[in-house]
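The structure appears below as structure tokens.
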Amino acid sequence: MEYLIFIVGTALFGIGFFLLLLLVYMKKKMTVPFIMMGAGVLLCFAGLILAQDFSAK
């Protein structure tokens, strides 16, 4: 499950980045790509935190 969350976050970031490049080229509004990239980063961190073993000493 945590791997899936990490992969979804990575995909959101990647899609947002390429969408950002496309919108910069077309000189359009860039709000959506930045929101997608921010959500992607948060999901990546959530996936990494969920994958961490807190019981190990």
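Letters A, B, ... go to the chains of the structure tokens in the order shown; residues in each chain start at 1; ligands are counted from 1 in the same order.
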
Set the distance at 12 Å and use only C-alpha atoms: which residues neighbour region 29-32 of chain A once local chain neighbours fewer than 2 positions away are removed? I'd like the list as a ChimeraX atom specification.
/A:12-13,15-27,34-39

Going by DSSP on the backbone, which residues of chain A come out as helix (DSSP H, G or I)? List them as an NGL selection string.
:A and (2-26 or 31-51)

If we count only C-alpha atoms and set the cut-off at 12 Å, which residues sit around Phe45 (chain A), ignoring sequence neighbours fewer than 2 positions away in its own chain? Please answer as a PyMOL selection string.
chain A and resi 2-3+5-10+38-43+47-52

Okay, now the selection with C-alpha atoms, as an mmCIF file, in the first residue's frame?
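Below you can see selection09.cif, which holds the result:
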data_model
loop_
_atom_site.group_PDB
_atom_site.id
_atom_site.type_symbol
_atom_site.label_atom_id
_atom_site.label_comp_id
_atom_site.auth_asym_id
_atom_site.auth_seq_id
_atom_site.Cartn_x
_atom_site.Cartn_y
_atom_site.Cartn_z
ATOM 1 C CA GLU A 2 2.735 2.462 0.933
ATOM 2 C CA TYR A 3 4.578 1.629 -2.305
ATOM 3 C CA ILE A 5 1.066 5.781 -2.487
ATOM 4 C CA PHE A 6 4.704 6.584 -3.279
ATOM 5 C CA ILE A 7 4.288 5.654 -6.961
ATOM 6 C CA VAL A 8 1.085 7.705 -7.275
ATOM 7 C CA GLY A 9 2.878 10.685 -5.721
ATOM 8 C CA THR A 10 5.801 10.284 -8.095
ATOM 9 C CA GLY A 38 2.880 19.778 -4.440
ATOM 10 C CA ALA A 39 0.370 16.960 -3.965
ATOM 11 C CA GLY A 40 2.876 14.562 -5.507
ATOM 12 C CA VAL A 41 5.592 15.579 -3.052
ATOM 13 C CA LEU A 42 3.200 15.197 -0.110
ATOM 14 C CA LEU A 43 2.102 11.745 -1.297
ATOM 15 C CA GLY A 47 4.366 6.763 1.310
ATOM 16 C CA LEU A 48 7.870 6.918 2.760
ATOM 17 C CA ILE A 49 6.563 7.547 6.277
ATOM 18 C CA LEU A 50 4.118 4.650 6.010
ATOM 19 C CA ALA A 51 6.907 2.354 4.792
ATOM 20 C CA GLN A 52 9.178 3.228 7.712
#
